[in-house]
file entry_31.cif (mmCIF, C-alpha atoms)
data_final
#
loop_
_atom_site.label_atom_id
_atom_site.label_comp_id
_atom_site.auth_asym_id
_atom_site.auth_seq_id
_atom_site.Cartn_x
_atom_site.Cartn_y
_atom_site.Cartn_z
CA MET A 836 -166.51 108.85 148.85
CA SER A 837 -166.28 105.29 150.12
CA GLY A 838 -165.12 104.03 153.50
CA ARG A 839 -161.61 103.65 152.11
CA ASP A 840 -161.23 107.22 150.91
CA LEU A 841 -158.64 109.58 152.32
CA PHE A 842 -157.33 113.12 152.34
CA CYS A 843 -154.08 113.91 150.62
CA GLN A 844 -150.78 115.65 151.37
CA PRO A 845 -148.67 117.35 148.67
CA ARG A 846 -146.20 115.41 146.53
CA ARG A 847 -143.73 116.36 143.87
CA PHE A 848 -144.50 114.97 140.43
CA ARG A 849 -141.64 112.66 139.42
CA HIS A 850 -142.51 110.38 136.53
CA GLY A 851 -140.98 106.93 136.79
CA ALA A 852 -139.69 107.46 140.33
CA ALA A 853 -140.93 105.68 143.39
CA LEU A 854 -143.37 107.55 145.63
CA THR A 855 -141.96 110.87 146.72
CA LEU A 856 -141.17 111.22 150.40
CA VAL A 857 -142.80 114.08 152.25
CA PHE A 858 -141.65 114.85 155.78
CA ALA A 859 -144.46 116.88 157.28
CA GLY A 860 -142.34 118.33 160.06
CA VAL A 861 -139.95 119.80 157.49
CA LEU A 862 -142.82 121.18 155.41
CA ALA A 863 -144.71 122.66 158.31
CA ALA A 864 -142.00 123.92 160.62
CA GLY A 865 -138.67 123.71 158.81
CA ALA A 866 -137.57 121.15 161.37
CA ALA A 867 -134.39 119.97 159.69
CA THR A 868 -133.43 118.11 162.86
CA GLY A 869 -136.61 116.03 162.98
CA THR A 870 -136.55 112.24 163.06
CA LEU A 871 -137.89 110.29 160.09
CA PRO A 872 -138.61 106.56 160.16
CA GLU A 873 -137.39 104.74 157.09
CA ALA A 874 -140.92 103.33 156.81
CA ASP A 875 -142.42 106.77 156.23
CA ARG A 876 -142.79 106.63 152.46
CA ASN A 877 -146.15 108.29 152.11
CA THR A 878 -147.66 105.98 154.67
CA ALA A 879 -149.01 109.25 155.84
CA SER A 880 -150.38 110.07 152.45
CA ASP A 881 -154.08 110.50 152.02
CA ALA A 882 -154.81 109.04 148.62
CA ALA A 883 -158.07 107.20 148.14
CA ARG A 884 -157.82 103.49 147.51
CA ALA A 885 -161.00 102.84 145.56
CA VAL A 886 -160.28 104.14 142.06
CA ALA A 887 -163.04 105.13 139.63
CA PRO A 888 -162.91 106.60 136.11
CA ALA A 889 -162.16 110.32 135.96
CA THR A 890 -165.17 112.55 136.62
CA GLY A 891 -165.77 116.27 137.08
CA ARG A 892 -164.33 119.02 134.93
CA ALA A 893 -160.77 118.74 136.23
CA GLY A 894 -160.82 114.96 136.05
CA ARG A 895 -162.08 114.98 132.48
CA GLU A 896 -159.42 117.48 131.42
CA VAL A 897 -156.62 115.42 132.96
CA ALA A 898 -157.99 112.23 131.40
CA ARG A 899 -158.25 113.93 128.00
CA ALA A 900 -154.62 115.09 128.21
CA ALA A 901 -153.50 111.55 129.04
CA ALA A 902 -155.55 110.06 126.18
CA GLU A 903 -154.22 112.57 123.63
CA ALA A 904 -150.65 111.85 124.71
CA MET A 905 -151.21 108.11 124.29
CA ALA A 906 -152.64 108.67 120.81
CA ASP A 907 -149.52 110.64 119.89
CA GLY A 908 -147.20 107.99 121.29
CA LYS A 909 -146.18 110.16 124.23
CA SER A 910 -146.23 109.56 127.98
CA PRO A 911 -149.77 109.80 129.41
CA VAL A 912 -148.34 110.22 132.92
CA GLU A 913 -146.26 113.24 131.96
CA ALA A 914 -149.22 114.76 130.11
CA ALA A 915 -151.46 114.23 133.14
CA GLU A 916 -148.85 115.83 135.40
CA ARG A 917 -148.72 118.91 133.19
CA ALA A 918 -152.53 119.15 133.16
CA VAL A 919 -152.68 118.90 136.94
CA SER A 920 -149.93 121.49 137.30
CA ARG A 921 -151.88 123.92 135.09
CA SER A 922 -154.99 123.42 137.22
CA GLY A 923 -153.30 124.96 140.27
CA ASP A 924 -154.50 122.10 142.49
CA ARG A 925 -151.95 122.26 145.31
CA TRP A 926 -152.75 118.83 146.69
CA ALA A 927 -153.16 116.88 143.46
CA ALA A 928 -150.83 114.07 142.44
CA VAL A 929 -150.33 111.72 139.50
CA TYR A 930 -149.09 108.14 139.90
CA SER A 931 -148.07 105.54 137.40
CA GLU A 932 -149.82 102.20 137.83
CA ASP A 933 -146.80 100.76 139.66
CA GLU A 934 -146.47 103.82 141.89
CA TYR A 935 -150.09 103.59 142.91
CA ALA A 936 -149.69 99.91 143.77
CA ASP A 937 -146.68 100.92 145.88
CA LEU A 938 -148.83 103.50 147.64
CA GLU A 939 -151.47 100.88 148.43
CA ASP A 940 -148.76 98.71 149.98
CA ALA A 941 -147.66 101.67 152.11
CA LEU A 942 -151.22 102.29 153.26
CA ASP A 943 -151.40 98.63 154.23
CA GLY A 944 -148.32 99.20 156.40
CA ARG A 945 -145.76 97.40 154.22
CA TYR A 946 -142.49 98.74 152.84
CA THR A 947 -139.05 97.69 151.63
CA GLY A 948 -136.08 98.87 153.66
CA ILE A 949 -133.50 97.97 156.28
CA GLY A 950 -135.39 98.95 159.44
CA LEU A 951 -134.04 102.16 160.94
CA SER A 952 -135.02 105.74 161.73
CA ALA A 953 -132.66 108.67 161.30
CA ARG A 954 -132.42 112.36 162.08
CA ARG A 955 -130.26 115.21 160.92
CA GLU A 956 -128.30 116.84 163.72
CA ARG A 957 -127.82 120.60 163.86
CA GLY A 958 -124.33 120.26 162.43
CA GLY A 959 -125.68 118.32 159.46
CA ALA A 960 -124.61 114.83 160.51
CA ILE A 961 -127.14 112.01 160.07
CA GLU A 962 -127.69 110.04 163.28
CA VAL A 963 -129.44 106.69 163.58
CA THR A 964 -132.14 107.19 166.22
CA LYS A 965 -133.80 103.78 166.25
CA VAL A 966 -133.12 100.32 164.89
CA ARG A 967 -136.01 97.94 164.62
CA SER A 968 -135.53 94.61 166.41
CA GLY A 969 -134.97 91.72 164.00
CA SER A 970 -134.48 94.02 161.02
CA PRO A 971 -131.56 93.82 158.55
CA ALA A 972 -130.03 96.88 160.22
CA ALA A 973 -130.21 95.19 163.64
CA GLU A 974 -128.71 91.98 162.29
CA ALA A 975 -125.84 94.01 160.84
CA GLY A 976 -125.07 95.36 164.31
CA ILE A 977 -126.14 98.95 163.65
CA ARG A 978 -127.23 100.74 166.83
CA ALA A 979 -129.06 103.91 167.80
CA GLY A 980 -126.48 106.68 168.12
CA ASP A 981 -124.37 105.52 165.18
CA ARG A 982 -123.70 108.16 162.56
CA LEU A 983 -124.44 107.46 158.93
CA ARG A 984 -121.78 109.01 156.69
CA SER A 985 -122.51 107.54 153.26
CA VAL A 986 -125.00 105.40 151.36
CA ASP A 987 -123.68 103.47 148.35
CA GLY A 988 -120.71 105.81 148.24
CA GLU A 989 -122.75 109.03 148.40
CA ARG A 990 -121.90 111.32 151.31
CA VAL A 991 -125.01 112.19 153.30
CA ASP A 992 -123.78 114.84 155.75
CA GLY A 993 -125.88 117.98 155.36
CA ARG A 994 -128.51 116.35 153.15
CA PRO A 995 -132.22 116.45 154.07
CA VAL A 996 -133.17 113.38 156.05
CA THR A 997 -135.86 112.56 153.49
CA GLU A 998 -133.20 112.19 150.79
CA VAL A 999 -131.10 109.97 153.03
CA VAL A 1000 -134.06 107.70 153.75
CA ALA A 1001 -134.83 107.54 150.01
CA LEU A 1002 -131.25 106.36 149.39
CA LEU A 1003 -131.53 103.71 152.09
CA ARG A 1004 -134.72 102.37 150.55
CA GLY A 1005 -133.49 102.59 146.98
CA ASP A 1006 -136.39 104.76 145.87
CA ALA A 1007 -134.62 106.15 142.80
CA THR A 1008 -134.30 102.65 141.32
CA ASP A 1009 -137.39 101.18 143.02
CA ALA A 1010 -135.06 98.64 144.62
CA PRO A 1011 -136.88 95.44 145.68
CA ALA A 1012 -136.35 93.32 148.76
CA GLY A 1013 -133.12 91.35 148.46
CA THR A 1014 -131.05 94.15 146.96
CA THR A 1015 -128.13 95.47 148.98
CA VAL A 1016 -127.07 98.89 150.17
CA ARG A 1017 -123.59 99.76 151.40
CA LEU A 1018 -123.41 102.06 154.42
CA GLY A 1019 -120.53 104.12 155.75
CA LEU A 1020 -120.90 104.32 159.54
CA GLU A 1021 -119.20 105.86 162.57
CA ARG A 1022 -119.44 105.02 166.26
CA GLY A 1023 -117.22 107.15 168.44
CA THR A 1024 -113.75 106.94 166.89
CA ARG A 1025 -114.56 103.81 164.89
CA ALA A 1026 -115.43 104.08 161.20
CA TRP A 1027 -116.51 101.12 159.10
CA SER A 1028 -118.59 100.00 156.13
CA GLU A 1029 -121.49 97.59 156.23
CA THR A 1030 -123.43 95.98 153.39
CA VAL A 1031 -127.07 95.43 154.35
CA ARG A 1032 -129.70 93.53 152.38
CA ARG A 1033 -133.11 95.21 152.09
CA ALA A 1034 -136.15 93.24 153.27
CA ARG A 1035 -139.92 93.46 153.16
CA LEU A 1036 -140.99 94.98 156.48
CA SER A 1037 -144.16 96.21 158.11
CA THR A 1038 -144.68 99.48 159.92
CA GLN A 1039 -145.39 99.93 163.62
CA PRO A 1040 -147.72 102.94 163.51
CA VAL A 1041 -149.08 102.56 167.07
CA THR A 1042 -146.91 102.26 170.16
CA VAL A 1043 -147.94 102.40 173.81
CA ARG A 1044 -145.86 103.18 176.85
CA ARG A 1045 -146.94 103.62 180.45
CA LEU A 1046 -145.71 106.56 182.49
CA ALA A 1047 -144.69 106.26 186.11
CA ASP A 1048 -148.03 107.68 187.28
CA GLY A 1049 -149.97 105.04 185.33
CA ALA A 1050 -151.07 107.14 182.36
CA ASP A 1051 -150.61 105.62 178.92
CA VAL A 1052 -149.00 107.44 176.00
CA VAL A 1053 -150.52 106.16 172.76
CA LYS A 1054 -148.30 107.33 169.91
CA VAL A 1055 -149.89 107.16 166.43
CA THR A 1056 -147.50 107.96 163.58
CA SER A 1057 -149.91 107.36 160.68
CA PHE A 1058 -153.37 106.03 159.94
CA THR A 1059 -152.53 102.96 157.90
CA LYS A 1060 -154.74 99.90 157.70
CA GLY A 1061 -155.71 98.51 161.12
CA VAL A 1062 -154.55 101.52 163.16
CA GLY A 1063 -158.06 102.39 164.38
CA ASP A 1064 -158.51 98.98 165.98
CA GLN A 1065 -155.02 99.19 167.49
CA VAL A 1066 -155.94 102.48 169.14
CA ARG A 1067 -159.18 100.98 170.48
CA ALA A 1068 -157.26 98.02 171.89
CA ALA A 1069 -154.76 100.36 173.57
CA VAL A 1070 -157.58 102.34 175.19
CA ARG A 1071 -159.24 99.17 176.48
CA ASP A 1072 -155.98 98.22 178.22
CA THR A 1073 -155.55 101.61 179.91
CA PRO A 1074 -156.50 101.91 183.60
CA SER A 1075 -159.65 104.03 183.45
CA ALA A 1076 -158.53 106.47 186.15
CA ALA A 1077 -155.02 106.98 184.76
CA GLY A 1078 -155.80 108.71 181.48
CA VAL A 1079 -154.37 108.70 177.97
CA VAL A 1080 -152.02 111.03 176.14
CA LEU A 1081 -152.82 110.58 172.45
CA ASP A 1082 -149.58 111.65 170.76
CA LEU A 1083 -150.31 112.78 167.18
CA ARG A 1084 -147.15 114.81 166.65
CA GLY A 1085 -145.74 114.33 163.17
CA ASN A 1086 -148.76 112.28 162.09
CA SER A 1087 -149.33 113.50 158.53
CA GLY A 1088 -152.50 111.56 157.85
CA GLY A 1089 -153.60 108.29 156.34
CA LEU A 1090 -156.83 106.42 155.85
CA VAL A 1091 -159.69 108.55 157.06
CA THR A 1092 -161.73 105.46 157.90
CA GLU A 1093 -158.99 104.49 160.37
CA ALA A 1094 -159.08 107.96 161.95
CA VAL A 1095 -162.85 107.62 162.39
CA ILE A 1096 -162.40 104.20 164.02
CA ALA A 1097 -159.80 105.75 166.32
CA ALA A 1098 -162.29 108.49 167.20
CA SER A 1099 -164.79 105.74 168.03
CA ALA A 1100 -162.44 104.59 170.79
CA PHE A 1101 -163.21 107.82 172.67
CA LEU A 1102 -166.74 108.73 171.55
CA ASP A 1103 -170.12 107.10 172.01
CA GLY A 1104 -171.28 107.63 168.46
CA GLY A 1105 -172.02 111.00 166.92
CA LEU A 1106 -170.40 113.25 164.36
CA VAL A 1107 -166.67 113.11 163.63
CA ALA A 1108 -166.56 115.39 160.58
CA THR A 1109 -168.51 116.58 157.57
CA TYR A 1110 -167.14 116.91 154.07
CA ASP A 1111 -168.29 117.77 150.60
CA VAL A 1112 -167.66 116.03 147.30
CA ASP A 1113 -168.43 118.24 144.31
CA GLY A 1114 -170.89 120.20 146.47
CA GLU A 1115 -172.68 117.21 148.00
CA GLN A 1116 -172.52 117.23 151.82
CA ARG A 1117 -171.66 114.01 153.65
CA ALA A 1118 -170.90 113.03 157.23
CA LEU A 1119 -168.53 110.72 159.08
CA GLN A 1120 -169.97 109.15 162.24
CA ALA A 1121 -168.29 107.41 165.17
CA ASP A 1122 -169.40 103.97 166.29
CA ARG A 1123 -171.30 103.67 169.54
CA GLY A 1124 -169.73 102.29 172.71
CA GLY A 1125 -166.48 104.21 172.97
CA ASP A 1126 -164.79 105.13 176.27
CA THR A 1127 -166.09 108.56 177.23
CA THR A 1128 -164.78 108.71 180.82
CA THR A 1129 -161.02 108.09 180.69
CA PRO A 1130 -159.22 111.47 180.84
CA LEU A 1131 -157.75 112.29 177.44
CA VAL A 1132 -155.17 114.78 176.17
CA ALA A 1133 -154.20 115.06 172.49
CA LEU A 1134 -150.64 116.23 171.82
CA VAL A 1135 -150.15 117.87 168.40
CA ASP A 1136 -147.65 119.96 166.44
CA GLY A 1137 -147.10 121.53 163.03
CA GLY A 1138 -146.61 118.07 161.53
CA THR A 1139 -150.09 116.91 162.58
CA MET A 1140 -151.97 116.84 159.28
CA SER A 1141 -155.08 115.80 157.46
CA ALA A 1142 -156.75 112.71 158.94
CA ALA A 1143 -154.89 113.38 162.21
CA GLU A 1144 -156.36 116.89 162.23
CA LEU A 1145 -159.79 115.45 161.53
CA LEU A 1146 -159.47 113.26 164.64
CA THR A 1147 -158.08 116.13 166.74
CA GLY A 1148 -160.88 118.48 165.69
CA ALA A 1149 -163.54 115.90 166.52
CA LEU A 1150 -162.15 115.24 170.00
CA GLN A 1151 -161.78 118.97 170.68
CA ASP A 1152 -165.20 120.03 169.37
CA ARG A 1153 -166.98 117.19 171.17
CA GLY A 1154 -165.34 118.18 174.47
CA ARG A 1155 -163.69 114.80 174.72
CA ALA A 1156 -160.04 115.86 174.84
CA VAL A 1157 -157.88 118.79 175.85
CA VAL A 1158 -155.58 119.56 172.91
CA VAL A 1159 -152.05 120.68 173.80
CA GLY A 1160 -149.00 121.53 171.70
CA SER A 1161 -148.79 123.91 168.75
CA ARG A 1162 -151.06 124.76 165.82
CA THR A 1163 -151.52 121.88 163.40
CA PHE A 1164 -150.59 121.97 159.72
CA GLY A 1165 -153.92 122.94 158.17
CA LYS A 1166 -154.72 120.30 155.54
CA GLY A 1167 -158.47 119.96 155.18
CA SER A 1168 -159.12 119.35 151.49
CA VAL A 1169 -160.54 116.15 150.05
CA GLN A 1170 -158.89 114.24 147.23
CA MET A 1171 -160.34 111.38 145.25
CA PRO A 1172 -158.49 109.17 142.73
CA SER A 1173 -159.34 108.84 139.06
CA ARG A 1174 -158.15 106.12 136.70
CA LEU A 1175 -156.56 107.60 133.59
CA PRO A 1176 -155.92 106.13 130.13
CA GLY A 1177 -152.89 103.88 130.29
CA GLY A 1178 -153.59 102.78 133.88
CA SER A 1179 -152.13 105.75 135.78
CA VAL A 1180 -154.04 107.40 138.62
CA ALA A 1181 -154.66 111.09 139.32
CA GLU A 1182 -155.74 112.36 142.72
CA LEU A 1183 -157.69 115.60 142.42
CA THR A 1184 -159.22 117.89 145.02
CA VAL A 1185 -163.01 117.60 145.13
CA GLY A 1186 -163.94 119.37 148.37
CA HIS A 1187 -163.13 120.14 152.02
CA TYR A 1188 -163.97 118.72 155.43
CA ARG A 1189 -165.11 120.47 158.59
CA THR A 1190 -165.02 119.60 162.27
CA PRO A 1191 -168.29 118.83 164.13
CA SER A 1192 -168.75 122.51 165.03
CA GLY A 1193 -168.37 123.52 161.39
CA ARG A 1194 -164.78 124.77 161.54
CA GLY A 1195 -162.75 124.58 158.37
CA VAL A 1196 -159.21 123.27 158.81
CA ASP A 1197 -157.65 123.93 155.41
CA GLY A 1198 -155.07 126.69 155.65
CA THR A 1199 -155.78 127.41 159.32
CA GLY A 1200 -155.11 124.23 161.23
CA ILE A 1201 -156.34 123.53 164.74
CA THR A 1202 -155.34 125.77 167.63
CA PRO A 1203 -154.56 123.86 170.85
CA ASP A 1204 -156.46 124.55 174.05
CA LEU A 1205 -153.08 124.86 175.76
CA GLU A 1206 -150.04 125.92 173.74
CA ILE A 1207 -146.73 124.35 174.72
CA ASP A 1208 -143.53 123.66 172.80
CA PRO A 1209 -144.22 120.16 171.42
CA ASP A 1210 -140.56 119.63 170.54
CA ARG A 1211 -139.23 119.87 174.08
CA PRO A 1212 -138.21 116.57 175.68
CA ALA A 1213 -140.71 117.10 178.50
CA ALA A 1214 -143.69 117.71 176.18
CA VAL A 1215 -145.25 114.33 176.92
CA GLU A 1216 -144.84 114.82 180.65
CA ARG A 1217 -146.46 118.27 180.42
CA ALA A 1218 -149.33 116.77 178.46
CA ALA A 1219 -149.68 114.06 181.12
CA ALA A 1220 -149.75 116.73 183.83
CA VAL A 1221 -152.83 118.20 182.16
CA LEU A 1222 -154.58 114.91 182.88
CA ASP A 1223 -154.36 115.76 186.59
CA GLY A 1224 -156.38 118.88 185.90
CA LEU A 1225 -159.07 116.70 184.32
CA GLY A 1226 -159.63 115.03 187.68
CA ARG A 1227 -158.10 111.67 187.07
#
call {"tool": "encode", "arguments": {"input": "entry_31.cif", "output": "structure tokens"}}
result
Amino acid sequence: MSGRDLFCQPRRFRHGAALTLVFAGVLAAGAATGTLPEADRNTASDAARAVAPATGRAGREVARAAAEAMADGKSPVEAAERAVSRSGDRWAAVYSEDEYADLEDALDGRYTGIGLSARRERGGAIEVTKVRSGSPAAEAGIRAGDRLRSVDGERVDGRPVTEVVALLRGDATDAPAGTTVRLGLERGTRAWSETVRRARLSTQPVTVRRLADGADVVKVTSFTKGVGDQVRAAVRDTPSAAGVVLDLRGNSGGLVTEAVIAASAFLDGGLVATYDVDGEQRALQADRGGDTTTPLVALVDGGTMSAAELLTGALQDRGRAVVVGSRTFGKGSVQMPSRLPGGSVAELTVGHYRTPSGRGVDGTGITPDLEIDPDRPAAVERAAAVLDGLGR
């Protein structure tokens, strides 16, 4: 497993479609009211980026199914999907060549969209929660608080927010930048339609805000390329006595190498996690020179998955952070990609990772040191209050 390898979250198999959206909060907690950024098209996925020919028994069987389908003039992708489905591998996925290229773009923090986040209210209405500055949505005058009633003529009330975001992005047709989408909107008593042109945008996976008492809240939504260094930069800029709340709620994973770099911001070397690939044990180590004195609290929930759980487990086991919130998702299996005949890619489970103390995460998750409701508006403030108990 190379430095670019990852751990993977589940996906539906949909041949010919763009990458399937997975909203971890919905999967883990049934949170139909959760907010989903339009950018979250498997940016949280944990597929490995370095692709090798299929190996291992499962890999060879999937590759053989794809090759036989090609020889018979049938779809190798569909044949590979059926072979993976028969294997019972819960976390496996099959991508066409174009879909895998799209995934690599997502892991690099790039996507096509209009630049907004949305959530489903309890009554089923879809509310715009955030509009990115300078985005097509912002230029069209859309504001946070507006209600989205339709997308290209399709009513969206009551639909899962993941489906709404897929419509906005044009996932079903793999709509490129420059295509348009027509929105039906409401603001108070005003109802209107707006045609917005999709653009090529980049994600903002790390944000920092300073609380009134001087503590910094470092919110990490996914571990895409460059996130580890962004976390290290944020920690360097934090007043050492104030402390950091590392907000990993809803972070459903990403590049494991980036999670290890993020761990290096808080650790002075040492073990981050161990994992096995086809029975061979390997280790992930933090870099030396991290900040080991600034008080640190990690805030997690049921949508904290995979690489985010790896980071949480390392900080908890090493005694570096107090973990608060609710039990994490429990995704601790290792996937590696295999190139199949015809150019498609299959991601297959090859092993599992463990925290520095040897705890397995798969199916169990990580239990916080202090359990609080992570969905309450004051969750960040409660996490920050724990910093006082750490002697900041």
call {"tool": "closest_residue", "arguments": {"input": "entry_31.cif", "among": "A:Thr1202, A:Ala915, A:Glu1029, A:Lys909", "to": "A:Ser1173", "atoms": "all atoms listed in the file"}}
result
A:Ala915
call {"tool": "residues_around", "arguments": {"input": "entry_31.cif", "residues": "A:Gly959", "least_positions_apart": "5", "cutoff": "12 Å", "atoms": "all atoms listed in the file", "output": "list in words"}}
result
Ala867, Thr868, Gly869, Arg954, Arg982, Leu983, Arg984, Arg990, Val991, Asp992, Gly993, Arg994, Pro995, Val996 and Val999 of chain A
call {"tool": "closest_residue", "arguments": {"input": "entry_31.cif", "among": "A:Val1159, A:Ala1010, A:Ile1096, A:Ile977", "to": "A:Pro1209", "atoms": "all atoms listed in the file"}}
result
A:Val1159
call {"tool": "resolve_selection", "arguments": {"input": "entry_31.cif", "expression": "the PyMOL selection byres ((chain A and resi 1013) around 7)", "output": "PyMOL selection string"}}
result
chain A and resi 1011-1012+1014-1015+1032-1034
call {"tool": "closest_residue", "arguments": {"input": "entry_31.cif", "among": "A:Leu1183, A:Ala1050, A:Met1171, A:Ala973", "to": "A:Val886", "atoms": "all atoms listed in the file"}}
result
A:Met1171
call {"tool": "atom_distance", "arguments": {"input": "entry_31.cif", "atom1": "atom CA of A:Ala900", "atom2": "atom CA of A:Ala914"}}
result
5.7 Å
call {"tool": "closest_residue", "arguments": {"input": "entry_31.cif", "among": "A:Ala1133, A:Leu1081, A:Ala1026, A:Leu1102", "to": "A:Gln1120", "atoms": "only C-alpha atoms"}}
result
A:Leu1102
call {"tool": "residues_around", "arguments": {"input": "entry_31.cif", "residues": "A:Ala975", "least_positions_apart": "4", "cutoff": "9 Å", "atoms": "only C-alpha atoms", "output": "PDB file with C-alpha atoms, in the frame of the given file"}}
result
ATOM      1  CA  SER A 970    -134.480  94.020 161.020  1.00  0.00           C
ATOM      2  CA  PRO A 971    -131.560  93.820 158.550  1.00  0.00           C
ATOM      3  CA  GLU A1029    -121.490  97.590 156.230  1.00  0.00           C
ATOM      4  CA  THR A1030    -123.430  95.980 153.390  1.00  0.00           C
ATOM      5  CA  VAL A1031    -127.070  95.430 154.350  1.00  0.00           C
TER       6      VAL A1031
END
call {"tool": "atom_distance", "arguments": {"input": "entry_31.cif", "atom1": "atom CA of A:Thr1127", "atom2": "atom CA of A:Phe1101"}}
result
5.4 Å
call {"tool": "closest_residue", "arguments": {"input": "entry_31.cif", "among": "A:Glu1115, A:Asp1197, A:Asp1122, A:Asp1223", "to": "A:Ala1142", "atoms": "only C-alpha atoms"}}
result
A:Asp1197
call {"tool": "resolve_selection", "arguments": {"input": "entry_31.cif", "expression": "the PyMOL selection byres ((chain A and resi 1109) around 10)", "output": "list of chain:residue names"}}
result
A:Leu1106, A:Val1107, A:Ala1108, A:Tyr1110, A:Asp1111, A:Gln1116, A:Arg1117, A:Ala1118, A:Leu1119, A:Gln1120, A:Leu1145, A:His1187, A:Tyr1188, A:Arg1189, A:Thr1190, A:Pro1191, A:Ser1192, A:Gly1193, A:Arg1194, A:Gly1195
call {"tool": "write_last_selection", "arguments": {"input": "entry_31.cif", "atoms": "C-alpha atoms", "output": "CSV table (one decimal), in the coordinates of the input"}}
result
chain,number,residue,atom,x,y,z
A,1106,LEU,CA,-170.4,113.2,164.4
A,1107,VAL,CA,-166.7,113.1,163.6
A,1108,ALA,CA,-166.6,115.4,160.6
A,1110,TYR,CA,-167.1,116.9,154.1
A,1111,ASP,CA,-168.3,117.8,150.6
A,1116,GLN,CA,-172.5,117.2,151.8
A,1117,ARG,CA,-171.7,114.0,153.6
A,1118,ALA,CA,-170.9,113.0,157.2
A,1119,LEU,CA,-168.5,110.7,159.1
A,1120,GLN,CA,-170.0,109.2,162.2
A,1145,LEU,CA,-159.8,115.4,161.5
A,1187,HIS,CA,-163.1,120.1,152.0
A,1188,TYR,CA,-164.0,118.7,155.4
A,1189,ARG,CA,-165.1,120.5,158.6
A,1190,THR,CA,-165.0,119.6,162.3
A,1191,PRO,CA,-168.3,118.8,164.1
A,1192,SER,CA,-168.8,122.5,165.0
A,1193,GLY,CA,-168.4,123.5,161.4
A,1194,ARG,CA,-164.8,124.8,161.5
A,1195,GLY,CA,-162.8,124.6,158.4
call {"tool": "atom_distance", "arguments": {"input": "entry_31.cif", "atom1": "atom CA of A:Glu1206", "atom2": "atom CA of A:Ser1161"}}
result
5.5 Å
